[in-house]
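Novice: The following file, start_1.cif, comprises mmCIF, C-alpha atoms:
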```
data_run
#
loop_
_atom_site.label_atom_id
_atom_site.label_comp_id
_atom_site.auth_asym_id
_atom_site.auth_seq_id
_atom_site.Cartn_x
_atom_site.Cartn_y
_atom_site.Cartn_z
CA MET A 1 60.04 -68.17 -21.67
CA ASN A 2 63.32 -67.44 -23.38
CA THR A 3 63.68 -67.31 -27.14
CA PRO A 4 66.95 -68.71 -28.47
CA ILE A 5 68.50 -67.24 -31.61
CA GLN A 6 71.78 -67.65 -33.47
CA PRO A 7 74.15 -65.05 -34.91
CA ARG A 8 73.29 -64.30 -38.54
CA PRO A 9 76.00 -63.51 -41.07
CA SER A 10 73.71 -60.93 -42.65
CA ASP A 11 73.93 -58.87 -39.50
CA ARG A 12 77.69 -58.92 -39.54
CA ASP A 13 78.10 -55.81 -41.66
CA ARG A 14 75.69 -53.84 -39.52
CA ALA A 15 77.47 -55.08 -36.44
CA ILE A 16 80.81 -53.95 -37.78
CA ARG A 17 79.35 -50.52 -38.46
CA VAL A 18 78.06 -50.33 -34.92
CA LEU A 19 81.38 -51.59 -33.66
CA ARG A 20 83.17 -48.83 -35.52
CA GLY A 21 80.84 -46.40 -33.88
CA LEU A 22 81.66 -48.20 -30.69
CA THR A 23 85.27 -47.25 -31.02
CA LEU A 24 83.93 -44.49 -28.89
CA GLY A 25 81.78 -47.08 -27.19
CA VAL A 26 84.93 -49.02 -26.46
CA ALA A 27 86.13 -46.00 -24.60
CA ILE A 28 82.82 -45.81 -22.83
CA GLY A 29 82.89 -49.46 -21.91
CA GLY A 30 86.50 -49.26 -20.99
CA LEU A 31 85.87 -46.27 -18.86
CA ALA A 32 83.06 -48.10 -17.21
CA GLY A 33 85.47 -50.86 -16.36
CA THR A 34 88.54 -48.89 -15.59
CA GLY A 35 86.54 -46.16 -13.93
CA ALA A 36 85.09 -48.66 -11.56
CA ILE A 37 88.52 -50.01 -10.84
CA GLY A 38 89.83 -46.52 -10.36
CA VAL A 39 87.00 -45.62 -8.06
CA LEU A 40 87.55 -48.71 -6.01
CA ALA A 41 91.22 -47.98 -5.86
CA ALA A 42 90.56 -44.44 -4.81
CA GLN A 43 88.23 -45.59 -2.11
CA SER A 44 90.47 -48.19 -0.66
CA TYR A 45 93.93 -49.09 -1.81
CA ALA A 46 96.88 -48.03 -3.82
CA GLY A 47 98.99 -51.09 -3.19
CA THR A 48 102.17 -51.22 -1.23
CA THR A 49 104.36 -49.77 -3.90
CA GLY A 50 101.95 -47.96 -6.14
CA THR A 51 100.14 -44.66 -6.17
CA ILE A 52 96.78 -43.70 -7.50
CA ASP A 53 96.67 -41.83 -10.75
CA PRO A 54 93.90 -39.30 -10.25
CA THR A 55 93.13 -39.21 -13.95
CA ALA A 56 92.34 -42.91 -13.83
CA ALA A 57 90.38 -42.67 -10.61
CA ASP A 58 88.20 -39.92 -11.96
CA ALA A 59 87.85 -41.25 -15.48
CA THR A 60 84.07 -41.52 -15.43
CA SER A 61 83.68 -37.86 -14.63
CA ARG A 62 85.55 -36.71 -17.69
CA PRO A 63 83.39 -34.52 -19.92
CA ASP A 64 83.79 -36.67 -23.02
CA ALA A 65 82.66 -39.75 -21.14
CA GLN A 66 79.61 -37.99 -19.77
CA VAL A 67 78.55 -36.70 -23.14
CA ALA A 68 78.95 -40.05 -24.79
CA ALA A 69 77.14 -41.87 -22.04
CA ALA A 70 74.24 -39.46 -22.14
CA ASP A 71 73.83 -39.51 -25.88
CA PRO A 72 74.06 -42.97 -27.45
CA ALA A 73 73.57 -41.46 -30.88
CA ALA A 74 76.94 -39.82 -30.50
CA THR A 75 78.55 -43.21 -30.83
CA ALA A 76 77.41 -43.44 -34.43
CA ILE A 77 79.99 -40.86 -35.41
CA PRO A 78 83.56 -42.01 -35.00
CA THR A 79 85.64 -39.17 -33.72
CA ALA A 80 89.11 -38.47 -32.54
CA ALA A 81 87.77 -38.99 -29.07
CA ALA A 82 87.46 -42.63 -30.00
CA SER A 83 90.92 -43.33 -28.78
CA THR A 84 90.41 -41.54 -25.52
CA THR A 85 91.12 -43.88 -22.67
CA ALA A 86 91.68 -43.52 -19.00
CA ALA A 87 95.30 -42.70 -18.53
CA ALA A 88 97.17 -45.25 -16.53
CA GLY A 89 100.31 -43.32 -16.02
CA VAL A 90 103.69 -44.70 -16.87
CA SER A 91 105.47 -47.01 -14.52
CA THR A 92 109.14 -46.45 -14.14
CA SER A 93 110.10 -48.75 -11.33
CA ASN A 94 111.25 -52.33 -11.48
CA THR A 95 109.90 -53.02 -8.04
CA THR A 96 108.04 -56.30 -7.89
CA ALA A 97 107.39 -56.47 -4.19
CA MET A 98 103.91 -57.60 -3.31
CA GLY A 99 102.16 -57.66 -0.01
CA THR A 100 98.75 -57.10 1.39
CA PRO A 101 97.52 -53.87 -0.15
CA THR A 102 97.44 -51.07 2.35
CA PRO A 103 94.88 -48.31 2.66
CA THR A 104 95.61 -44.88 1.33
CA ALA A 105 93.87 -41.58 1.57
CA ALA A 106 95.64 -40.29 -1.49
CA ALA A 107 92.65 -39.92 -3.73
CA THR A 108 89.20 -38.49 -3.40
CA PRO A 109 86.51 -41.14 -3.63
CA THR A 110 84.02 -40.79 -6.45
CA PRO A 111 81.35 -43.20 -5.34
CA THR A 112 79.94 -45.56 -7.90
CA ALA A 113 76.70 -47.20 -6.86
CA ALA A 114 77.60 -50.66 -5.73
CA PRO A 115 75.13 -53.19 -7.08
CA THR A 116 73.14 -55.20 -4.62
CA ALA A 117 71.78 -58.71 -4.80
CA THR A 118 68.74 -60.48 -3.43
CA SER A 119 68.10 -64.18 -3.16
CA VAL A 120 65.43 -65.40 -5.54
CA ARG A 121 63.56 -68.65 -6.04
CA GLY A 122 63.73 -70.78 -9.14
CA GLY A 123 66.41 -71.21 -11.73
CA GLY A 124 68.80 -68.62 -13.03
CA HIS A 125 69.04 -67.03 -16.45
CA VAL A 126 72.77 -67.73 -16.50
CA THR A 127 75.46 -69.25 -14.30
CA THR A 128 78.49 -67.56 -12.85
CA GLY A 129 81.37 -69.86 -12.08
CA GLY A 130 84.92 -70.62 -12.95
CA SER A 131 85.75 -71.42 -16.55
CA MET B 1 59.36 -60.64 -19.46
CA PRO B 2 60.62 -63.09 -22.10
CA LEU B 3 64.29 -62.80 -22.89
CA THR B 4 65.95 -63.50 -26.19
CA THR B 5 69.05 -65.63 -25.76
CA CYS B 6 71.97 -66.70 -27.88
CA SER B 7 74.87 -68.99 -26.95
CA TRP B 8 78.05 -70.03 -28.70
CA ARG B 9 81.74 -70.47 -27.94
CA ALA B 10 84.45 -67.85 -28.33
CA LEU B 11 87.68 -66.88 -26.58
CA GLY B 12 87.99 -70.50 -25.49
CA THR B 13 84.87 -70.34 -23.37
CA SER B 14 81.09 -70.26 -23.48
CA VAL B 15 79.25 -67.11 -24.51
CA HIS B 16 75.68 -66.34 -23.48
CA VAL B 17 73.87 -63.20 -24.56
CA LEU B 18 70.48 -62.28 -23.13
CA VAL B 19 68.53 -59.24 -24.27
CA THR B 20 65.18 -57.79 -23.35
CA GLU B 21 64.38 -56.38 -26.80
CA PRO B 22 63.67 -59.25 -29.22
CA GLU B 23 63.32 -57.03 -32.28
CA HIS B 24 66.91 -55.82 -31.88
CA ALA B 25 68.38 -59.08 -30.65
CA ASP B 26 70.04 -60.06 -33.93
CA LEU B 27 72.01 -56.85 -34.12
CA ALA B 28 72.91 -56.95 -30.44
CA VAL B 29 74.22 -60.49 -30.77
CA SER B 30 76.19 -59.61 -33.86
CA VAL B 31 77.78 -56.68 -32.06
CA VAL B 32 78.80 -58.99 -29.22
CA ALA B 33 80.28 -61.44 -31.73
CA ALA B 34 82.18 -58.63 -33.43
CA VAL B 35 83.54 -57.35 -30.12
CA LEU B 36 84.74 -60.83 -29.19
CA ASP B 37 86.36 -61.32 -32.60
CA GLU B 38 88.25 -58.08 -32.10
CA ILE B 39 89.26 -59.01 -28.57
CA ASP B 40 90.56 -62.37 -29.81
CA LEU B 41 92.53 -60.77 -32.61
CA ARG B 42 94.08 -58.21 -30.27
CA LEU B 43 94.49 -59.94 -26.92
CA SER B 44 94.90 -63.67 -27.46
CA ARG B 45 98.09 -65.17 -26.08
CA PHE B 46 97.44 -68.30 -28.12
CA ARG B 47 97.32 -66.81 -31.61
CA SER B 48 100.66 -66.11 -33.20
CA ASP B 49 99.00 -63.43 -35.33
CA SER B 50 97.44 -61.57 -32.41
CA GLU B 51 98.62 -58.10 -31.55
CA LEU B 52 99.49 -59.27 -28.04
CA SER B 53 101.70 -62.07 -29.38
CA ARG B 54 103.54 -59.58 -31.57
CA LEU B 55 103.98 -57.26 -28.60
CA ASN B 56 105.28 -60.11 -26.42
CA SER B 57 107.81 -60.98 -29.11
CA ARG B 58 109.19 -57.43 -29.04
CA ALA B 59 110.05 -57.08 -25.37
CA GLY B 60 112.70 -54.42 -24.94
CA GLU B 61 111.27 -52.19 -27.68
CA ARG B 62 108.69 -49.45 -27.41
CA VAL B 63 105.78 -50.51 -29.60
CA THR B 64 102.75 -48.59 -30.84
CA VAL B 65 99.58 -50.51 -30.10
CA SER B 66 95.91 -50.30 -31.00
CA PRO B 67 93.46 -48.41 -28.77
CA LEU B 68 91.92 -51.68 -27.67
CA LEU B 69 95.22 -53.28 -26.64
CA ALA B 70 96.26 -50.07 -24.90
CA GLN B 71 92.95 -50.09 -23.08
CA ALA B 72 93.34 -53.72 -22.07
CA ILE B 73 96.87 -53.16 -20.78
CA ASP B 74 95.69 -50.05 -18.96
CA VAL B 75 92.98 -52.11 -17.27
CA SER B 76 95.43 -54.86 -16.33
CA LEU B 77 97.81 -52.36 -14.76
CA GLN B 78 95.02 -50.77 -12.80
CA ALA B 79 94.02 -54.23 -11.60
CA ALA B 80 97.59 -54.85 -10.50
CA ARG B 81 97.75 -51.51 -8.74
CA LEU B 82 94.42 -52.08 -6.99
CA THR B 83 95.49 -55.49 -5.71
CA GLY B 84 99.04 -54.63 -4.75
CA GLY B 85 100.24 -56.94 -7.50
CA ALA B 86 98.13 -59.96 -6.58
CA VAL B 87 96.59 -59.82 -10.05
CA ASP B 88 99.48 -59.21 -12.40
CA PRO B 89 99.53 -59.27 -16.21
CA THR B 90 103.14 -60.43 -16.40
CA VAL B 91 102.31 -64.05 -15.58
CA GLY B 92 102.45 -65.06 -19.25
CA GLY B 93 105.86 -66.71 -18.96
CA SER B 94 104.84 -68.65 -15.86
CA MET B 95 101.68 -69.85 -17.55
CA ARG B 96 103.69 -71.10 -20.50
CA LEU B 97 106.23 -72.90 -18.32
CA LEU B 98 103.40 -74.58 -16.43
CA GLY B 99 102.06 -76.01 -19.67
CA TYR B 100 99.20 -73.59 -20.26
CA ASP B 101 100.53 -72.59 -23.64
CA ASP B 102 97.51 -72.98 -25.91
CA ASP B 103 93.76 -72.58 -25.93
CA PHE B 104 92.74 -74.60 -22.90
CA SER B 105 90.77 -77.06 -25.02
CA ARG B 106 94.11 -78.07 -26.55
CA VAL B 107 96.16 -78.15 -23.34
CA ARG B 108 96.93 -81.79 -22.51
CA SER B 109 95.14 -82.81 -19.34
CA THR B 110 98.10 -84.91 -18.24
CA GLY B 111 101.79 -84.90 -19.01
CA ALA B 112 105.28 -85.62 -17.81
CA PRO B 113 106.56 -84.06 -14.59
CA LEU B 114 107.76 -80.48 -14.84
CA ARG B 115 110.79 -79.07 -13.13
CA LEU B 116 109.24 -76.02 -11.52
CA ARG B 117 111.11 -73.19 -9.91
CA VAL B 118 109.73 -70.71 -7.42
CA ALA B 119 110.34 -67.32 -8.97
CA ALA B 120 108.36 -64.12 -8.83
CA VAL B 121 106.98 -62.92 -12.12
CA PRO B 122 108.63 -59.81 -13.60
CA GLY B 123 105.83 -57.68 -12.17
CA TRP B 124 103.49 -55.07 -13.57
CA ARG B 125 105.97 -52.26 -13.06
CA ALA B 126 108.01 -53.80 -15.86
CA VAL B 127 105.21 -52.77 -18.24
CA HIS B 128 105.53 -49.17 -19.38
CA LEU B 129 102.35 -47.89 -20.98
CA ASP B 130 102.19 -44.42 -22.44
CA SER B 131 98.46 -43.98 -22.85
CA SER B 132 98.67 -40.61 -24.53
CA HIS B 133 100.84 -41.98 -27.34
CA GLN B 134 99.42 -45.52 -27.22
CA THR B 135 102.83 -47.09 -26.90
CA VAL B 136 104.02 -49.90 -24.67
CA LEU B 137 107.46 -50.99 -23.60
CA LEU B 138 107.79 -54.43 -22.04
CA GLU B 139 111.06 -54.93 -20.28
CA ARG B 140 113.05 -57.92 -21.48
CA GLY B 141 111.73 -61.19 -20.13
CA VAL B 142 108.16 -59.94 -19.76
CA GLU B 143 105.31 -61.87 -21.35
CA LEU B 144 101.87 -60.43 -20.86
CA ASP B 145 98.82 -62.57 -20.24
CA LEU B 146 95.65 -60.49 -20.30
CA GLY B 147 93.37 -63.50 -20.01
CA SER B 148 91.75 -62.63 -16.72
CA THR B 149 91.07 -58.92 -17.00
CA GLY B 150 90.84 -59.20 -20.77
CA LYS B 151 87.88 -61.55 -20.65
CA ALA B 152 86.15 -59.33 -18.12
CA LEU B 153 86.84 -56.26 -20.22
CA ALA B 154 85.38 -58.10 -23.21
CA ALA B 155 82.21 -58.79 -21.24
CA ASP B 156 81.93 -55.13 -20.22
CA LEU B 157 82.47 -53.90 -23.77
CA ALA B 158 80.17 -56.48 -25.33
CA ALA B 159 77.31 -55.72 -22.97
CA GLU B 160 77.75 -52.01 -23.50
CA GLY B 161 77.88 -52.52 -27.25
CA ALA B 162 74.79 -54.71 -27.30
CA HIS B 163 72.87 -52.17 -25.29
CA LEU B 164 73.95 -49.27 -27.46
CA ALA B 165 73.05 -51.25 -30.59
CA MET B 166 69.54 -51.87 -29.28
CA GLY B 167 69.08 -48.31 -28.15
CA ARG B 168 66.86 -49.34 -25.25
CA GLY B 169 66.15 -52.24 -22.95
CA GLY B 170 68.92 -54.24 -21.40
CA ALA B 171 71.61 -56.78 -22.26
CA LEU B 172 73.55 -59.37 -20.31
CA VAL B 173 76.72 -60.96 -21.63
CA SER B 174 78.34 -63.93 -19.95
CA LEU B 175 81.81 -65.06 -20.98
CA GLY B 176 82.54 -68.26 -19.14
CA GLY B 177 80.66 -67.03 -16.10
CA ASP B 178 82.09 -63.51 -16.11
CA ILE B 179 78.88 -61.54 -16.49
CA ALA B 180 78.32 -57.91 -17.45
CA THR B 181 75.01 -56.11 -17.83
CA ALA B 182 74.05 -52.85 -19.48
CA GLY B 183 70.77 -51.01 -19.62
CA SER B 184 67.67 -51.97 -17.74
CA ALA B 185 67.16 -55.39 -16.23
CA PRO B 186 64.09 -57.48 -16.97
CA LEU B 187 61.27 -57.32 -14.46
CA GLY B 188 62.52 -59.04 -11.32
CA GLY B 189 66.14 -58.58 -12.27
CA TRP B 190 68.73 -60.77 -13.92
CA HIS B 191 68.77 -64.13 -12.15
CA ILE B 192 72.21 -65.63 -11.74
CA LEU B 193 73.12 -69.03 -10.35
CA ALA B 194 76.28 -68.82 -8.24
CA ALA B 195 78.25 -71.98 -8.92
CA GLU B 196 81.85 -73.11 -9.05
CA ASP B 197 81.72 -74.21 -12.68
CA SER B 198 80.15 -71.89 -15.23
CA ASP B 199 79.17 -74.89 -17.34
CA MET B 200 76.60 -75.86 -14.74
CA SER B 201 73.07 -75.44 -16.03
CA ALA B 202 71.43 -72.26 -14.78
CA ASP B 203 68.45 -74.41 -13.82
CA ALA B 204 70.53 -76.55 -11.46
CA ALA B 205 69.87 -76.44 -7.74
CA GLY B 206 71.88 -73.83 -5.91
CA GLU B 207 72.03 -70.21 -4.84
CA VAL B 208 70.30 -67.91 -7.29
CA ILE B 209 70.58 -64.17 -6.85
CA GLY B 210 68.73 -61.36 -8.56
CA VAL B 211 70.56 -58.22 -9.65
CA GLU B 212 69.32 -55.06 -11.34
CA GLY B 213 72.66 -54.14 -12.87
CA GLY B 214 76.39 -54.21 -12.46
CA ALA B 215 78.50 -57.26 -13.09
CA ILE B 216 79.48 -60.50 -11.45
CA ALA B 217 82.54 -62.67 -11.87
CA THR B 218 83.88 -65.86 -10.39
CA SER B 219 87.42 -67.13 -10.08
CA SER B 220 87.95 -70.74 -9.14
CA THR B 221 90.75 -73.21 -8.79
CA THR B 222 88.29 -76.07 -9.38
CA VAL B 223 88.22 -75.59 -13.14
CA ARG B 224 90.85 -75.10 -15.84
CA ARG B 225 93.11 -77.63 -14.16
CA TRP B 226 95.66 -80.00 -15.63
CA ARG B 227 98.23 -82.48 -14.35
CA ARG B 228 101.93 -82.77 -14.87
CA GLY B 229 103.60 -85.77 -13.25
CA GLY B 230 100.66 -86.31 -10.95
CA VAL B 231 100.67 -82.74 -9.69
CA VAL B 232 97.46 -80.83 -10.22
CA LEU B 233 98.00 -77.36 -11.63
CA HIS B 234 95.55 -74.54 -12.21
CA HIS B 235 95.45 -71.20 -13.95
CA LEU B 236 95.37 -68.74 -11.03
CA ILE B 237 99.00 -67.81 -10.63
CA ASP B 238 100.52 -66.31 -7.50
CA PRO B 239 102.83 -63.61 -8.86
CA LYS B 240 105.14 -64.03 -5.86
CA THR B 241 105.97 -67.62 -6.81
CA GLY B 242 105.04 -67.93 -10.45
CA LEU B 243 103.14 -71.07 -9.48
CA PRO B 244 99.44 -71.87 -9.07
CA ALA B 245 98.16 -70.07 -6.00
CA ARG B 246 97.78 -72.14 -2.84
CA SER B 247 94.75 -70.70 -1.17
CA PRO B 248 92.24 -71.54 1.54
CA TRP B 249 89.62 -70.42 -1.00
CA ARG B 250 88.80 -72.51 -4.00
CA THR B 251 86.15 -70.19 -5.47
CA ALA B 252 85.40 -66.48 -5.14
CA THR B 253 82.39 -64.71 -6.65
CA VAL B 254 82.09 -60.93 -6.58
CA LEU B 255 79.34 -58.50 -7.55
CA ALA B 256 80.74 -55.11 -8.62
CA PRO B 257 79.96 -52.11 -10.83
CA SER B 258 81.94 -53.61 -13.71
CA CYS B 259 83.06 -57.06 -14.73
CA VAL B 260 86.68 -55.93 -14.71
CA ALA B 261 86.35 -54.90 -11.09
CA ALA B 262 84.48 -58.08 -10.15
CA ASN B 263 86.98 -60.35 -11.87
CA THR B 264 89.96 -58.53 -10.43
CA ILE B 265 88.68 -58.70 -6.87
CA ALA B 266 87.62 -62.34 -7.21
CA THR B 267 91.02 -63.38 -8.54
CA ALA B 268 92.83 -61.36 -5.89
CA ALA B 269 90.76 -63.01 -3.18
CA ILE B 270 92.05 -66.41 -4.23
CA VAL B 271 95.65 -65.25 -4.49
CA LEU B 272 95.64 -63.29 -1.22
CA GLY B 273 94.26 -66.27 0.68
CA GLU B 274 93.63 -65.60 4.36
CA ARG B 275 94.54 -61.95 3.95
CA ALA B 276 91.62 -61.56 1.56
CA LEU B 277 89.04 -61.34 4.33
CA ASP B 278 90.35 -58.04 5.68
CA TRP B 279 91.14 -56.78 2.21
CA LEU B 280 87.66 -57.49 0.90
CA SER B 281 85.88 -55.88 3.81
CA ASP B 282 86.87 -52.39 2.72
CA PHE B 283 85.22 -52.71 -0.67
CA GLU B 284 81.75 -53.29 0.76
CA LEU B 285 80.86 -55.37 -2.26
CA PRO B 286 78.87 -58.60 -2.12
CA VAL B 287 81.31 -61.51 -2.12
CA ARG B 288 80.79 -65.27 -1.88
CA LEU B 289 83.83 -67.33 -0.95
CA VAL B 290 83.95 -71.11 -1.02
CA ALA B 291 86.65 -72.56 1.22
CA ALA B 292 88.64 -75.61 0.27
CA SER B 293 86.41 -77.54 2.65
CA GLY B 294 83.31 -76.44 0.76
CA ALA B 295 82.15 -74.05 3.48
CA VAL B 296 80.57 -70.93 2.05
CA HIS B 297 81.35 -67.46 3.43
CA ARG B 298 79.14 -64.55 2.43
CA LEU B 299 80.50 -61.04 2.82
CA GLY B 300 79.48 -57.48 2.03
CA GLY B 301 75.78 -58.09 1.82
CA TRP B 302 75.82 -61.23 -0.30
CA PRO B 303 72.35 -62.58 0.51
CA MET B 304 71.70 -65.75 2.41
CA PRO B 305 69.92 -68.38 0.31
CA LEU B 306 66.17 -68.42 0.73
CA GLY B 307 65.18 -70.81 3.45
CA ALA B 308 68.58 -70.75 5.11
CA ALA B 309 68.90 -69.80 8.75
CA ALA B 310 70.20 -66.28 9.15
#
```
For the file at hand, write its structure as structure tokens.

Specialist:
Amino acid sequence: MNTPIQPRPSDRDRAIRVLRGLTLGVAIGGLAGTGAIGVLAAQSYAGTTGTIDPTAADATSRPDAQVAAADPAATAIPTAAASTTAAAGVSTSNTTAMGTPTPTAAATPTPTAAPTATSVRGGGHVTTGGS
Amino acid sequence: MPLTTCSWRALGTSVHVLVTEPEHADLAVSVVAAVLDEIDLRLSRFRSDSELSRLNSRAGERVTVSPLLAQAIDVSLQAARLTGGAVDPTVGGSMRLLGYDDDFSRVRSTGAPLRLRVAAVPGWRAVHLDSSHQTVLLERGVELDLGSTGKALAADLAAEGAHLAMGRGGALVSLGGDIATAGSAPLGGWHILAAEDSDMSADAAGEVIGVEGGAIATSSTTVRRWRRGGVVLHHLIDPKTGLPARSPWRTATVLAPSCVAANTIATAAIVLGERALDWLSDFELPVRLVAASGAVHRLGGWPMPLGAAA
């Protein structure tokens, strides 16, 4: 049985405090996202006109990310590392050509465990679909 | 295990938060709400006071941006790089010309014919991000739209934030069907109905999968559609033409380590069309494609529905 609740204004201040702490968390979350993208890119494609930035591909292995991920309490203390993000590199070309991405062996794969799915009976907790 | 749930609307779509720790649910939900407020303030293309709108209005100048906007642009450029430009953040101008110029709830469902021109979007290489200095230069004529990867990034950040706020257990955040999880799943996993419209009730008949973690996202041409002069338009833009993508796939659902990755690959699958089959095979991620005919293709270990012939 699920228990529905609603956001409470009284929690807002606490949430903002956590969110400030999450400035580092933003980096963590962002690294989770961009790291995954980077890993996938490293494993497979760089695009027809692009190259892989190794700093982006290896973002999740950066020491600051590992420390933060291992110690949630660290997020309670905003630090200069809060603005640390995976570097994307700077694009300097006007090229807009697009084609089927082609494989590259330019970067070393850093495997991220790919999630797996099983079929289950009954209803779902949530729905994925277009929106 | 009972889950605590909370639903509301934000970022022009539905929000569902599920957590396994009821005693910390209020704080987790409030953190999600705060993350989404911040995302809206920074990344909305439809708010004149958003940081993205201010950046778009200053094309041709190098602009210092917030960490969150820099992060979002970084993600969008990585998505473009990964997909060879099939998912491109410079589609903002095309979206506007097609009539998608406001929160979708306020976009008129019908309207007069448009004079449309086939023209490639400026392209992601016209976006110059200096991550170390958190500055961005958009070349003249570039309008960013971070809607696709931005929503997925929001889901990733919100789930991570909710989990960190709770300190244990697990959280699931769904933003219009783009779903991110963090922490431990409930016993038996998170159960997700794979549909074409995220507004479909999770109890509806259909394929339900169980996952222990990661993220799942769906891109579809069957929703967020509008008409101009009798022509049906949708929001998945082909950067080569600046027009709604014409694809043999109407819906793509992807399970990946992050929602950003899932959303990017799902959107690229639609845009790449037939070429997507080969492209997807190298990722070895579970993918569910629905063809225009309604036929379902399952790739990369996406499970067959229970009771279906193998």

Novice: Would you list the contacts of range 199-201 of chain B as a count of residues only, taking every protein, DNA or RNA residue within 12 Å and counting all atoms listed in the file, but skipping same-chain residues closer than 2 positions in sequence?

Specialist: 32

Novice: Go ahead and compute the interatomic distance for CA of Gly230 in chain B and CA of Gly141 in chain B, in Å to one decimal.

Specialist: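 These two atoms are separated by 28.9 Å.
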
Novice: Around (93.7, -61.5, -3.0) in the file's frame, which residues reach within 12 Å when counting all atoms listed in the file? Return as number ranges by chain?

Specialist: A: 47, 98-101; B: 79-80, 82-88, 219, 236-239, 245-249, 251-252, 263-281, 289

Novice: Include C-alpha atoms and write out the residues we just selected as a PDB file, keeping the file's coordinate frame.

Specialist:
```pdb
ATOM      1  CA  GLY A  47      98.990 -51.090  -3.190  1.00  0.00           C
ATOM      2  CA  MET A  98     103.910 -57.600  -3.310  1.00  0.00           C
ATOM      3  CA  GLY A  99     102.160 -57.660  -0.010  1.00  0.00           C
ATOM      4  CA  THR A 100      98.750 -57.100   1.390  1.00  0.00           C
ATOM      5  CA  PRO A 101      97.520 -53.870  -0.150  1.00  0.00           C
TER       6      PRO A 101
ATOM      7  CA  ALA B  79      94.020 -54.230 -11.600  1.00  0.00           C
ATOM      8  CA  ALA B  80      97.590 -54.850 -10.500  1.00  0.00           C
ATOM      9  CA  LEU B  82      94.420 -52.080  -6.990  1.00  0.00           C
ATOM     10  CA  THR B  83      95.490 -55.490  -5.710  1.00  0.00           C
ATOM     11  CA  GLY B  84      99.040 -54.630  -4.750  1.00  0.00           C
ATOM     12  CA  GLY B  85     100.240 -56.940  -7.500  1.00  0.00           C
ATOM     13  CA  ALA B  86      98.130 -59.960  -6.580  1.00  0.00           C
ATOM     14  CA  VAL B  87      96.590 -59.820 -10.050  1.00  0.00           C
ATOM     15  CA  ASP B  88      99.480 -59.210 -12.400  1.00  0.00           C
ATOM     16  CA  SER B 219      87.420 -67.130 -10.080  1.00  0.00           C
ATOM     17  CA  LEU B 236      95.370 -68.740 -11.030  1.00  0.00           C
ATOM     18  CA  ILE B 237      99.000 -67.810 -10.630  1.00  0.00           C
ATOM     19  CA  ASP B 238     100.520 -66.310  -7.500  1.00  0.00           C
ATOM     20  CA  PRO B 239     102.830 -63.610  -8.860  1.00  0.00           C
ATOM     21  CA  ALA B 245      98.160 -70.070  -6.000  1.00  0.00           C
ATOM     22  CA  ARG B 246      97.780 -72.140  -2.840  1.00  0.00           C
ATOM     23  CA  SER B 247      94.750 -70.700  -1.170  1.00  0.00           C
ATOM     24  CA  PRO B 248      92.240 -71.540   1.540  1.00  0.00           C
ATOM     25  CA  TRP B 249      89.620 -70.420  -1.000  1.00  0.00           C
ATOM     26  CA  THR B 251      86.150 -70.190  -5.470  1.00  0.00           C
ATOM     27  CA  ALA B 252      85.400 -66.480  -5.140  1.00  0.00           C
ATOM     28  CA  ASN B 263      86.980 -60.350 -11.870  1.00  0.00           C
ATOM     29  CA  THR B 264      89.960 -58.530 -10.430  1.00  0.00           C
ATOM     30  CA  ILE B 265      88.680 -58.700  -6.870  1.00  0.00           C
ATOM     31  CA  ALA B 266      87.620 -62.340  -7.210  1.00  0.00           C
ATOM     32  CA  THR B 267      91.020 -63.380  -8.540  1.00  0.00           C
ATOM     33  CA  ALA B 268      92.830 -61.360  -5.890  1.00  0.00           C
ATOM     34  CA  ALA B 269      90.760 -63.010  -3.180  1.00  0.00           C
ATOM     35  CA  ILE B 270      92.050 -66.410  -4.230  1.00  0.00           C
ATOM     36  CA  VAL B 271      95.650 -65.250  -4.490  1.00  0.00           C
ATOM     37  CA  LEU B 272      95.640 -63.290  -1.220  1.00  0.00           C
ATOM     38  CA  GLY B 273      94.260 -66.270   0.680  1.00  0.00           C
ATOM     39  CA  GLU B 274      93.630 -65.600   4.360  1.00  0.00           C
ATOM     40  CA  ARG B 275      94.540 -61.950   3.950  1.00  0.00           C
ATOM     41  CA  ALA B 276      91.620 -61.560   1.560  1.00  0.00           C
ATOM     42  CA  LEU B 277      89.040 -61.340   4.330  1.00  0.00           C
ATOM     43  CA  ASP B 278      90.350 -58.040   5.680  1.00  0.00           C
ATOM     44  CA  TRP B 279      91.140 -56.780   2.210  1.00  0.00           C
ATOM     45  CA  LEU B 280      87.660 -57.490   0.900  1.00  0.00           C
ATOM     46  CA  SER B 281      85.880 -55.880   3.810  1.00  0.00           C
ATOM     47  CA  LEU B 289      83.830 -67.330  -0.950  1.00  0.00           C
TER      48      LEU B 289
END
```

Novice: Give me the result of the PyMOL selection byres ((chain A and resi 115) around 9) on this file, residue by residue, as a PyMOL selection string.

Specialist: (chain A and resi 113-114+116-117) or (chain B and resi 211-215+255-257+285-286)

Novice: So what do you get for CA of Ile216 in chain B versus CA of Ser258 in chain B, distance-wise?

Specialist: 7.7 Å

Novice: For the provided coordinates, the residues matched by the PyMOL selection byres ((chain B and resi 28) around 8) should be stated as JSON, numbers by chain.

Specialist: {"A": [15], "B": [19, 24, 25, 26, 27, 29, 30, 31, 32, 161, 162, 163, 165, 166]}

Novice: If I take CA of Pro2 in chain B and CA of Ala185 in chain B, how far is one from the other in Å, to one decimal?

Specialist: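 Interatomic distance, CA of Pro2 in chain B to CA of Ala185 in chain B: 11.7 Å.
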
Novice: Using all atoms listed in the file, which residue out of B:Ala171, B:Ala202, B:Leu18, B:Leu36 lies closest to chain A?

Specialist: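 Smallest separation from chain A among the options: B:Ala202.
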